[in-house]
>>> print(open('data_32.txt').read())   # compact mmCIF, C-alpha atoms
# COMPACT_ATOMS: atom_id res chain seq x y z
CA MET V 1 0.00 0.00 0.00
CA GLU V 2 1.24 3.46 -0.88
CA ILE V 3 0.71 6.01 1.88
CA PRO V 4 1.27 9.74 1.32
CA VAL V 5 2.94 11.33 4.35
CA VAL V 6 3.66 15.03 4.69
CA PHE V 7 6.21 16.94 6.76
CA ALA V 8 6.91 20.67 6.87
CA THR V 9 10.37 21.86 7.75
CA ASP V 10 13.00 24.55 7.52
CA GLU V 11 16.78 24.56 7.96
CA ASN V 12 16.46 24.24 11.76
CA TYR V 13 14.48 21.01 11.65
CA LEU V 14 16.10 19.23 8.70
CA PHE V 15 17.94 16.58 10.69
CA TYR V 16 14.97 15.95 13.00
CA THR V 17 12.80 15.39 9.93
CA VAL V 18 15.33 12.87 8.61
CA VAL V 19 15.25 11.00 11.93
CA ALA V 20 11.43 10.90 11.88
CA ILE V 21 11.41 9.52 8.32
CA THR V 22 14.11 7.01 9.25
CA SER V 23 11.89 5.63 12.02
CA MET V 24 9.01 5.30 9.53
CA ALA V 25 11.13 3.44 7.01
CA GLU V 26 12.62 1.13 9.64
CA ASN V 27 9.18 0.14 11.02
CA ALA V 28 7.12 -0.04 7.82
CA GLY V 29 5.23 -3.22 7.02
CA GLN V 30 6.46 -5.41 4.16
CA ASP V 31 3.79 -4.11 1.77
CA THR V 32 3.94 -0.45 2.89
CA PHE V 33 5.49 2.21 0.70
CA TYR V 34 5.67 5.80 1.91
CA GLN V 35 5.38 8.59 -0.63
CA ILE V 36 6.83 11.40 1.44
CA TYR V 37 6.21 15.04 0.65
CA ILE V 38 8.20 17.68 2.49
CA LEU V 39 6.89 21.23 2.50
CA VAL V 40 9.93 23.49 2.46
CA SER V 41 10.73 27.14 2.03
CA GLY V 42 12.30 28.24 -1.25
CA ALA V 43 15.76 28.12 0.31
CA LEU V 44 15.57 24.31 0.38
CA GLU V 45 13.92 23.94 -3.01
CA GLY V 46 16.97 22.38 -4.65
CA GLY V 47 17.08 19.46 -2.25
CA HIS V 48 19.54 18.53 0.45
CA GLU V 49 22.20 15.84 0.81
CA LEU V 50 20.47 14.41 3.87
CA PHE V 51 17.30 13.73 1.89
CA ILE V 52 19.30 12.27 -0.97
CA ASN V 53 21.08 9.87 1.40
CA LEU V 54 17.79 8.96 3.02
CA GLN V 55 16.25 8.15 -0.36
CA GLU V 56 19.23 5.99 -1.34
CA LYS V 57 19.22 4.06 1.95
CA TYR V 58 15.57 2.97 2.01
CA ALA V 59 13.72 1.30 -0.88
CA ASN V 60 10.32 1.68 0.82
CA ILE V 61 10.18 5.46 0.63
CA GLU V 62 10.26 8.16 -2.01
CA ILE V 63 10.83 11.80 -1.11
CA GLN V 64 9.53 14.81 -2.96
CA LEU V 65 10.12 18.39 -1.88
CA LEU V 66 7.19 20.78 -2.24
CA PRO V 67 8.49 24.38 -2.26
CA VAL V 68 6.32 26.92 -0.48
CA ALA V 69 6.29 30.65 -1.16
CA ASP V 70 7.57 31.70 2.25
CA GLU V 71 6.58 35.33 1.76
CA LYS V 72 2.91 34.32 2.04
CA PHE V 73 3.54 33.44 5.68
CA GLN V 74 5.52 36.53 6.70
CA THR V 75 2.64 38.02 8.71
CA VAL V 76 1.56 34.96 10.69
CA HIS V 77 1.46 35.35 14.46
CA ILE V 78 3.86 33.18 16.49
CA ASN V 79 3.54 33.09 20.29
CA ASN V 80 5.66 30.06 21.18
CA SER V 81 9.45 30.21 20.81
CA HIS V 82 9.78 26.65 19.46
CA VAL V 83 7.30 27.32 16.62
CA THR V 84 8.40 28.48 13.16
CA LYS V 85 6.54 29.65 10.08
CA ALA V 86 6.93 26.17 8.57
CA THR V 87 4.23 24.84 10.88
CA PHE V 88 1.67 26.92 8.94
CA TYR V 89 2.59 25.29 5.62
CA ARG V 90 0.23 22.37 6.25
CA LEU V 91 -2.74 24.74 6.01
CA ILE V 92 -2.31 24.98 2.22
CA LEU V 93 -1.91 21.23 1.62
CA SER V 94 -5.10 20.91 -0.43
CA LYS V 95 -3.66 23.40 -2.93
CA VAL V 96 -0.25 21.77 -3.41
CA LEU V 97 -0.91 18.05 -2.95
CA PRO V 98 -3.32 16.39 -5.45
CA VAL V 99 -4.16 13.28 -3.40
CA GLU V 100 -7.37 12.17 -1.72
CA LYS V 101 -6.00 12.17 1.80
CA CYS V 102 -2.64 12.14 3.59
CA VAL V 103 -0.97 11.69 6.95
CA TYR V 104 0.70 14.81 8.34
CA LEU V 105 3.49 14.47 10.93
CA ASP V 106 5.46 17.05 12.87
CA SER V 107 9.20 16.62 12.58
CA ASP V 108 9.54 16.02 16.34
CA THR V 109 8.05 12.52 16.11
CA ILE V 110 9.22 8.92 16.04
CA VAL V 111 7.04 6.40 14.21
CA ASN V 112 7.71 2.97 15.68
CA THR V 113 4.91 1.11 13.95
CA ASP V 114 3.39 0.76 10.49
CA LEU V 115 0.96 3.52 9.45
CA GLN V 116 -1.54 1.52 7.37
CA GLU V 117 -4.05 1.36 10.22
CA LEU V 118 -3.85 5.13 10.69
CA TYR V 119 -4.14 5.87 6.98
CA LEU V 120 -7.17 3.57 6.55
CA THR V 121 -9.14 5.38 9.26
CA GLU V 122 -12.65 6.03 7.94
CA MET V 123 -13.11 9.79 7.94
CA GLY V 124 -16.62 10.18 6.52
CA GLU V 125 -17.39 13.86 6.03
CA ASN V 126 -14.76 15.01 8.52
CA TYR V 127 -11.99 17.37 7.41
CA ILE V 128 -9.29 16.01 9.70
CA ALA V 129 -8.59 13.27 12.21
CA GLY V 130 -6.39 13.72 15.25
CA VAL V 131 -5.73 12.74 18.86
CA ARG V 132 -7.35 14.50 21.77
CA ASP V 133 -5.01 17.09 23.30
CA LEU V 134 -4.57 15.86 26.88
CA TRP V 135 -3.54 19.35 28.00
CA ILE V 136 -7.19 20.32 27.71
CA ASP V 137 -8.27 17.50 30.03
CA LEU V 138 -5.65 18.48 32.60
CA MET V 139 -6.78 22.10 32.71
CA GLU V 140 -8.97 23.37 35.51
CA GLY V 141 -12.50 24.17 34.37
CA ASN V 142 -12.07 27.95 34.44
CA LYS V 143 -8.82 27.80 32.46
CA ARG V 144 -10.39 25.52 29.90
CA GLU V 145 -13.19 28.03 29.50
CA GLU V 146 -10.65 30.83 29.03
CA ARG V 147 -9.00 28.80 26.26
CA ARG V 148 -12.38 28.19 24.66
CA LYS V 149 -13.15 31.89 24.63
CA LYS V 150 -9.78 32.77 23.14
CA THR V 151 -10.30 30.31 20.30
CA ASP V 152 -14.00 31.22 20.03
CA ILE V 153 -15.29 27.69 19.49
CA PRO V 154 -18.47 26.25 21.07
CA SER V 155 -16.65 23.58 23.08
CA MET V 156 -13.16 22.23 23.79
CA ASN V 157 -14.45 18.65 23.78
CA GLN V 158 -13.26 18.10 20.21
CA TYR V 159 -9.93 19.89 20.56
CA ILE V 160 -7.05 17.87 19.13
CA ASN V 161 -3.28 18.20 18.98
CA ALA V 162 -2.09 19.07 15.48
CA GLY V 163 1.25 17.23 15.56
CA VAL V 164 -0.27 14.14 13.93
CA LEU V 165 -3.18 14.62 11.55
CA LEU V 166 -5.02 12.72 8.87
CA PHE V 167 -6.20 15.20 6.23
CA ASN V 168 -9.29 14.56 4.13
CA LEU V 169 -7.98 16.71 1.28
CA ASP V 170 -10.88 15.95 -1.09
CA LYS V 171 -13.40 17.22 1.46
CA ILE V 172 -11.25 20.27 2.22
CA ARG V 173 -11.07 21.09 -1.49
CA ARG V 174 -14.79 20.61 -2.05
CA ASP V 175 -15.65 23.01 0.76
CA ASN V 176 -12.83 25.46 -0.06
CA LEU V 177 -11.65 25.24 3.55
CA THR V 178 -8.14 26.41 2.68
CA GLU V 179 -9.47 29.93 2.16
CA GLN V 180 -10.82 29.85 5.72
CA PHE V 181 -7.41 28.70 6.92
CA ARG V 182 -5.81 31.65 5.15
CA GLU V 183 -8.22 34.13 6.67
CA HIS V 184 -7.60 32.78 10.15
CA MET V 185 -3.84 33.00 9.67
CA LYS V 186 -4.34 36.76 10.00
CA LYS V 187 -5.58 36.28 13.58
CA ASP V 188 -3.42 36.02 16.68
CA TYR V 189 -4.10 32.56 18.14
CA LEU V 190 -2.27 31.42 21.26
CA PHE V 191 -1.41 28.04 19.73
CA GLU V 192 -0.95 29.23 16.16
CA ASP V 193 -1.97 26.78 13.42
CA GLN V 194 -3.23 24.21 15.93
CA ASP V 195 -5.92 26.63 17.04
CA ILE V 196 -6.69 27.50 13.42
CA VAL V 197 -7.24 23.83 12.53
CA ASN V 198 -9.50 23.28 15.54
CA VAL V 199 -11.51 26.43 14.87
CA CYS V 200 -12.01 25.95 11.14
CA CYS V 201 -12.66 22.19 11.31
CA TYR V 202 -14.92 22.29 14.36
CA ASP V 203 -17.67 19.66 14.26
CA HIS V 204 -15.85 17.92 11.39
CA ILE V 205 -13.04 16.34 13.41
CA CYS V 206 -12.56 12.58 13.70
CA ARG V 207 -10.97 11.39 16.95
CA LEU V 208 -8.01 9.03 16.66
CA PRO V 209 -6.80 6.52 19.29
CA ALA V 210 -4.18 7.96 21.63
CA LYS V 211 -1.42 5.71 20.27
CA TRP V 212 -1.12 7.94 17.21
CA ASN V 213 0.17 10.90 19.23
CA LEU V 214 1.96 9.96 22.45
CA PHE V 215 3.32 13.01 24.26
CA THR V 216 6.55 12.16 26.08
CA LEU V 217 5.69 14.70 28.78
CA PHE V 218 2.65 12.69 29.87
CA MET V 219 4.62 9.43 30.01
CA GLY V 220 6.17 10.78 33.18
CA ARG V 221 2.78 11.59 34.70
CA LEU V 222 0.92 8.29 34.34
CA ASN V 223 0.02 8.05 38.04
CA GLU V 224 -1.46 11.53 37.91
CA LEU V 225 -3.40 10.69 34.75
CA GLU V 226 -4.80 7.54 36.35
CA GLU V 227 -5.84 9.43 39.48
CA ARG V 228 -7.64 11.99 37.32
CA GLY V 229 -9.56 9.21 35.59
CA MET V 230 -7.99 9.71 32.18
CA ASP V 231 -8.71 7.41 29.26
CA LYS V 232 -7.31 4.00 30.24
CA ALA V 233 -6.52 3.18 26.62
CA ALA V 234 -4.38 6.32 26.36
CA ILE V 235 -2.48 5.35 29.52
CA HIS V 236 -1.98 1.82 28.16
CA TYR V 237 -0.50 3.14 24.92
CA MET V 238 1.85 5.43 26.83
CA LYS V 239 3.11 2.52 28.90
CA GLU V 240 3.58 0.45 25.75
CA LYS V 241 5.28 3.29 23.82
CA LYS V 242 4.05 1.78 20.58
CA GLY V 243 2.64 4.10 17.95
CA ILE V 244 3.83 7.63 17.24
CA ILE V 245 5.96 9.24 19.95
CA HIS V 246 5.71 13.02 19.96
CA TYR V 247 8.52 15.09 21.50
CA ALA V 248 6.37 18.20 21.70
CA THR V 249 7.59 19.73 24.95
CA PRO V 250 10.47 22.22 24.82
CA TYR V 251 13.46 21.63 27.12
CA ILE V 252 12.95 17.85 27.34
CA ARG V 253 13.38 17.05 23.65
CA PRO V 254 16.06 14.56 22.60
CA TRP V 255 18.15 17.16 20.76
CA GLU V 256 18.27 19.15 24.02
CA SER V 257 19.14 16.28 26.37
CA VAL V 258 19.51 12.50 26.45
CA ARG V 259 18.13 12.20 29.95
CA PHE V 260 14.36 12.30 29.47
CA LEU V 261 11.81 9.57 28.81
CA CYS V 262 11.88 8.12 25.28
CA ASN V 263 14.81 10.29 24.21
CA ASP V 264 16.95 7.18 23.98
CA ILE V 265 14.50 5.84 21.39
CA TRP V 266 15.00 8.94 19.25
CA TRP V 267 18.77 8.64 19.48
CA GLN V 268 18.64 5.01 18.30
CA TYR V 269 17.31 6.24 14.97
CA ALA V 270 19.53 9.33 14.92
CA GLU V 271 22.62 7.12 15.32
CA ILE V 272 21.89 5.51 11.97
CA TRP V 273 23.26 8.81 10.61
CA ARG V 274 26.23 8.98 12.98
CA ASP V 275 28.65 9.44 10.08
CA THR V 276 27.04 12.69 8.98
CA LEU V 277 28.24 16.13 9.93
CA GLU V 278 24.75 16.97 11.23
CA TYR V 279 24.77 14.07 13.68
CA ARG V 280 28.27 14.81 14.95
CA HIS V 281 27.45 18.48 15.46
CA LEU V 282 24.23 17.65 17.33
CA GLU V 283 25.89 15.03 19.53
CA LYS V 284 28.62 17.49 20.47
CA ARG V 285 26.09 20.21 21.27
CA VAL V 286 23.97 17.93 23.45
CA ARG V 287 27.04 16.57 25.26
CA GLN V 288 28.02 20.15 26.08
CA ARG V 289 24.51 20.99 27.22
CA GLU V 290 24.42 17.97 29.54
CA ILE V 291 27.15 19.54 31.68
CA GLY V 292 24.73 22.29 32.70
CA TYR V 293 22.38 19.87 34.45
CA SER V 294 24.84 18.82 37.16
CA GLU V 295 26.97 20.84 39.57
CA GLU V 296 29.40 17.91 39.80
CA ALA V 297 29.78 17.88 36.02
CA MET V 298 30.24 21.67 35.95
CA ALA V 299 32.90 21.50 38.66
CA ALA V 300 34.80 18.81 36.73
CA TYR V 301 34.46 20.87 33.55
CA CYS V 302 35.83 24.00 35.23
CA ARG V 303 38.92 22.22 36.52
CA ALA V 304 40.13 21.84 32.93
CA TYR V 305 40.42 25.64 32.51
CA GLU V 306 42.76 28.30 33.78
CA ARG V 307 39.95 30.76 34.45
CA VAL V 308 36.17 30.56 34.60
CA TYR V 309 33.71 33.45 34.33
CA ILE V 310 30.11 33.26 35.54
CA TRP V 311 27.85 35.33 33.32
CA GLY V 312 25.13 36.95 35.44
CA PHE V 313 25.53 38.54 38.87
CA THR V 314 22.19 37.24 40.11
CA ASN V 315 21.02 35.06 42.98
CA LEU V 316 21.41 32.07 40.70
CA GLY V 317 24.87 33.15 39.56
CA ARG V 318 26.02 33.56 43.15
CA LYS V 319 24.61 30.14 44.11
CA ILE V 320 26.45 28.56 41.20
CA LEU V 321 29.68 30.08 42.50
CA THR V 322 28.98 28.71 46.00
CA GLU V 323 28.24 25.23 44.61
CA LEU V 324 31.46 25.25 42.59
CA MET V 325 33.57 26.46 45.51
CA ASP V 326 32.05 23.77 47.75
CA ARG V 327 33.29 21.25 45.19
CA GLY V 328 36.82 22.61 45.24
CA THR V 329 36.66 24.83 42.16
CA GLU V 330 39.16 27.61 42.77
CA ASN V 331 39.59 29.14 39.33
CA VAL V 332 36.45 31.29 39.04
CA ALA V 333 37.95 34.65 38.04
CA ALA V 334 34.91 36.96 38.16
CA PHE V 335 31.28 37.51 37.33
CA ILE V 336 30.31 39.10 34.03
CA ASP V 337 27.38 41.49 33.98
CA HIS V 338 26.77 44.61 31.90
CA ASP V 339 24.64 46.25 34.59
CA LEU V 340 26.75 49.19 35.78
CA GLU V 341 25.21 49.09 39.26
CA LYS V 342 26.17 45.45 39.73
CA GLN V 343 29.75 46.19 38.72
CA LYS V 344 30.14 48.03 42.04
CA TYR V 345 29.83 44.78 44.00
CA ALA V 346 31.70 41.55 44.64
CA TYR V 347 30.77 38.17 46.09
CA CYS V 348 33.13 35.71 47.79
CA GLY V 349 35.99 37.87 46.56
CA LYS V 350 34.85 37.71 42.93
CA SER V 351 34.23 41.10 41.32
CA VAL V 352 31.68 41.92 38.63
CA LYS V 353 32.98 43.05 35.25
CA PRO V 354 31.67 43.75 31.75
CA PHE V 355 32.54 41.24 29.05
CA ASP V 356 35.91 41.85 27.46
CA VAL V 357 36.91 39.52 24.65
CA SER V 358 40.57 40.01 25.55
CA VAL V 359 40.11 37.83 28.66
CA TYR V 360 39.31 34.97 26.31
CA GLU V 361 42.21 35.69 24.03
CA LYS V 362 44.75 35.71 26.88
CA GLY V 363 44.45 32.03 27.70
CA LYS V 364 42.26 29.03 28.31
CA CYS V 365 39.04 30.19 29.92
CA ALA V 366 35.39 29.14 30.05
CA PHE V 367 32.06 30.89 30.52
CA LEU V 368 29.20 29.59 32.68
CA ILE V 369 25.92 31.27 31.79
CA ALA V 370 23.60 31.62 34.77
CA SER V 371 20.82 33.45 32.93
CA GLN V 372 17.84 31.27 32.02
CA LYS V 373 15.82 33.60 29.80
CA ARG V 374 18.76 35.15 27.93
CA ALA V 375 21.06 32.13 27.69
CA GLU V 376 20.79 31.71 23.90
CA GLU V 377 21.21 35.44 23.34
CA ILE V 378 24.36 35.48 25.50
CA LYS V 379 25.73 32.40 23.74
CA SER V 380 25.24 34.12 20.39
CA SER V 381 27.13 37.19 21.58
CA LEU V 382 30.00 34.96 22.75
CA PHE V 383 30.04 33.14 19.40
CA ASP V 384 30.18 36.50 17.63
CA ALA V 385 33.20 37.40 19.78
CA GLY V 386 34.98 34.24 18.65
CA VAL V 387 34.39 32.06 21.70
CA ARG V 388 34.17 28.35 20.88
CA GLU V 389 31.05 26.36 21.71
CA GLU V 390 33.04 23.95 23.88
CA ASP V 391 34.10 26.86 26.12
CA ILE V 392 30.50 27.77 27.02
CA VAL V 393 28.17 25.98 29.43
CA CYS V 394 24.63 27.09 30.25
CA PHE V 395 23.45 26.18 33.73
CA ILE V 396 20.02 24.57 33.38
CA GLN V 397 17.56 25.13 36.18
CA LYS V 398 15.39 22.09 36.63
CA GLY V 399 11.74 22.93 36.00
CA PRO V 400 8.52 21.44 37.43
CA TYR V 401 8.42 18.49 35.01
CA TYR V 402 12.10 17.61 35.19
CA TYR V 403 11.93 14.69 37.60
CA GLN V 404 8.62 13.44 36.22
CA CYS V 405 10.21 12.99 32.80
CA LEU V 406 13.63 11.77 33.92
CA ARG V 407 14.83 8.39 32.68
CA PRO V 408 15.49 5.96 35.59
CA GLU V 409 19.24 5.84 35.00
CA PHE V 410 19.45 9.56 35.86
CA ALA V 411 17.40 9.27 39.07
CA GLU V 412 20.50 9.42 41.28
CA GLU V 413 20.80 13.10 40.40
CA LYS V 414 17.66 13.95 42.37
CA GLY V 415 18.25 16.64 44.92
CA THR V 416 20.90 18.53 42.97
CA GLY V 417 20.45 21.66 40.94
CA ASP V 418 17.11 22.62 42.40
CA PHE V 419 17.94 26.30 42.90
CA LYS V 420 14.81 28.28 43.69
>>> encode(input="data_32.txt", output="structure tokens")
Amino acid sequence: MEIPVVFATDENYLFYTVVAITSMAENAGQDTFYQIYILVSGALEGGHELFINLQEKYANIEIQLLPVADEKFQTVHINNSHVTKATFYRLILSKVLPVEKCVYLDSDTIVNTDLQELYLTEMGENYIAGVRDLWIDLMEGNKREERRKKTDIPSMNQYINAGVLLFNLDKIRRDNLTEQFREHMKKDYLFEDQDIVNVCCYDHICRLPAKWNLFTLFMGRLNELEERGMDKAAIHYMKEKKGIIHYATPYIRPWESVRFLCNDIWWQYAEIWRDTLEYRHLEKRVRQREIGYSEEAMAAYCRAYERVYIWGFTNLGRKILTELMDRGTENVAAFIDHDLEKQKYAYCGKSVKPFDVSVYEKGKCAFLIASQKRAEEIKSSLFDAGVREEDIVCFIQKGPYYYQCLRPEFAEEKGTGDFK
């Protein structure tokens, strides 16, 4: 059986898309062939070596790039930092893909089963099929009502997550629904295209079994879900981890850390491409990021340098210094902070200075970034100044879901890094 499957991506998500497709090809049934369409901006129109290698490796897939006029999406509203314009590309599928229906997958997925059952779902007169968004069920009643009002739909009972969808393209074309999608792209929805799909398709949405969109975040909250009386079938699928795994939650995704639930599954498929530059770069980046989760790892990292600078004279920055000193780290040279008022102070004998690239050029030194909100911005400024990635570590403050989503082999780290 030939199954059309669609992804939408840009330069940032290329490798993740390749990993998702790899998992599909590896787990396809003997008589399954995936015709894969990838919606891309014009910059990727000519193809990419990763896709070429993917096509050559697997005989059960064929890849076709569908260029999208990116300028048509310049004015869309984006409220979530992990979302890009590419996520809106799916809303014009009926115009660019002349098939009856198709499976749509986000690039942050792993498909560890065959998709024939999903594709053969009877849709009737529904526009789309998707899995219930469990976030809605976990919301308190008043917050759910606030979400309903913001999306302006009669009820949230049909609300689905848009990471895995089955599109009834014939029905969408007949009813000219794409024009409605385009009109709603002008509006400022909290959850971007996901809200648009739920608003425009309301009352024409087919509900899929939970196994077709398994959020890794909820796999760490199964006891809570059971206590709240959640769908037992959904909980069963999460325990089984068989279907489509969706790494939808920022900060616990596999390309951010290896330590969270199901991230090892993603890396099994990523490692198939371990000889590529993209894999090696990602592995190096994640290995560097892992240091920021543990004070012990940071202390060991610092001992390899002549001087260490902590970026951010804040409560967190000062606590990092204390933790490092308690572990015998004696080479912290100073804090870095561009706030002139803070530069009047010192802590544990360490003064506060503005960044001066010459301190980096004088010898082997490292930078520990204490800031949580501005970490990527600070890293970029250091890169621009010529600082190497391996000489920068961002301390990662462990959020409310950290321990719920932690893989068992990392459980011994409990109790560290919980700065308030």
>>> closest_atom_pairs(input="data_32.txt", of="stretch 271-349 of chain V", to="stretch 370-378 of chain V", cutoff="8 Å", atoms="only C-alpha atoms", output="JSON lines")
{"residue": "V:Ile310", "atom": "CA", "partner": "V:Ala370", "partner_atom": "CA", "distance": 6.8}
{"residue": "V:Trp311", "atom": "CA", "partner": "V:Ala370", "partner_atom": "CA", "distance": 5.8}
{"residue": "V:Gly312", "atom": "CA", "partner": "V:Ala370", "partner_atom": "CA", "distance": 5.6}
{"residue": "V:Thr314", "atom": "CA", "partner": "V:Ala370", "partner_atom": "CA", "distance": 7.9}
{"residue": "V:Leu316", "atom": "CA", "partner": "V:Ala370", "partner_atom": "CA", "distance": 6.3}
{"residue": "V:Gly317", "atom": "CA", "partner": "V:Ala370", "partner_atom": "CA", "distance": 5.2}
{"residue": "V:Ile320", "atom": "CA", "partner": "V:Ala370", "partner_atom": "CA", "distance": 7.7}
>>> residues_around(input="data_32.txt", residues="stretch 251-263 of chain V", least_positions_apart="3", cutoff="9 Å", atoms="all atoms listed in the file", output="number ranges by chain")
V: 16, 108, 216-217, 219-220, 241, 245, 247-248, 266-268, 282-283, 285-287, 289-290, 401-410
>>> closest_residue(input="data_32.txt", among="V:Leu54, V:Leu66, V:Met1, V:Cys302", to="V:Val40", atoms="all atoms listed in the file")
V:Leu66
>>> closest_residue(input="data_32.txt", among="V:Leu14, V:Ile92, V:Met123, V:Ile52", to="V:Leu177", atoms="all atoms listed in the file")
V:Ile92
>>> atom_distance(input="data_32.txt", atom1="atom CA of V:Lys101", atom2="atom CA of V:Ile36")
12.9 Å
>>> closest_residue(input="data_32.txt", among="V:Leu166, V:Tyr345, V:Glu278, V:Asn157", to="V:Tyr13", atoms="all atoms listed in the file")
V:Glu278
>>> atom_distance(input="data_32.txt", atom1="atom CA of V:Ala234", atom2="atom CA of V:Glu145")
23.6 Å
>>> atom_distance(input="data_32.txt", atom1="atom CA of V:Ala20", atom2="atom CA of V:Glu100")
23.2 Å
>>> closest_residue(input="data_32.txt", among="V:Leu214, V:Ala300, V:Ala385, V:Ile272", to="V:Met238", atoms="all atoms listed in the file")
V:Leu214
>>> closest_residue(input="data_32.txt", among="V:Thr329, V:Ser351, V:Ser358, V:Gln158", to="V:Val131", atoms="all atoms listed in the file")
V:Gln158
>>> closest_residue(input="data_32.txt", among="V:Gly399, V:Ile205, V:Arg132, V:Gly386", to="V:Pro250", atoms="only C-alpha atoms")
V:Gly399
>>> residues_near_point(input="data_32.txt", point="(-2.9, 1.7, 5.0)", cutoff="12 Å", atoms="all atoms listed in the file", output="ChimeraX atom specification")
/V:1-5,28-34,101-103,113-122,166
>>> residues_around(input="data_32.txt", residues="V:Tyr360", least_positions_apart="2", cutoff="12 Å", atoms="all atoms listed in the file", output="number ranges by chain")
V: 305-309, 333, 355-358, 362-367, 382-383, 385-388, 391-392
>>> residues_around(input="data_32.txt", residues="V:His338", least_positions_apart="3", cutoff="9 Å", atoms="only C-alpha atoms", output="ChimeraX atom specification")
/V:312,341-343,352-355
>>> residues_around(input="data_32.txt", residues="V:Asp195", least_positions_apart="6", cutoff="10 Å", atoms="only C-alpha atoms", output="list of chain:residue names")
V:Arg147, V:Lys150, V:Thr151, V:Asp152, V:Ile153, V:Tyr159, V:Ile160, V:Asn161, V:Ala162, V:His184, V:Met185, V:Asp188, V:Tyr189, V:Cys201
>>> residues_around(input="data_32.txt", residues="V:Ala129", least_positions_apart="5", cutoff="7 Å", atoms="all atoms listed in the file", output="list in words")
Leu165, Leu166, Phe167, Ile205, Cys206, Arg207 and Leu208 of chain V
>>> write_last_selection(input="data_32.txt", atoms="C-alpha atoms", output="PDB file, keeping the file's coordinate frame")
ATOM      1  CA  LEU V 165      -3.180  14.620  11.550  1.00  0.00           C
ATOM      2  CA  LEU V 166      -5.020  12.720   8.870  1.00  0.00           C
ATOM      3  CA  PHE V 167      -6.200  15.200   6.230  1.00  0.00           C
ATOM      4  CA  ILE V 205     -13.040  16.340  13.410  1.00  0.00           C
ATOM      5  CA  CYS V 206     -12.560  12.580  13.700  1.00  0.00           C
ATOM      6  CA  ARG V 207     -10.970  11.390  16.950  1.00  0.00           C
ATOM      7  CA  LEU V 208      -8.010   9.030  16.660  1.00  0.00           C
TER       8      LEU V 208
END
>>> axis_aligned_box(input="data_32.txt", around="stretch 187-201 of chain V", padding_each_side="6 Å", output="AutoDock Vina command-line options")
--center_x -6.8 --center_y 29.2 --center_z 16.2 --size_x 23.7 --size_y 26.1 --size_z 22.1
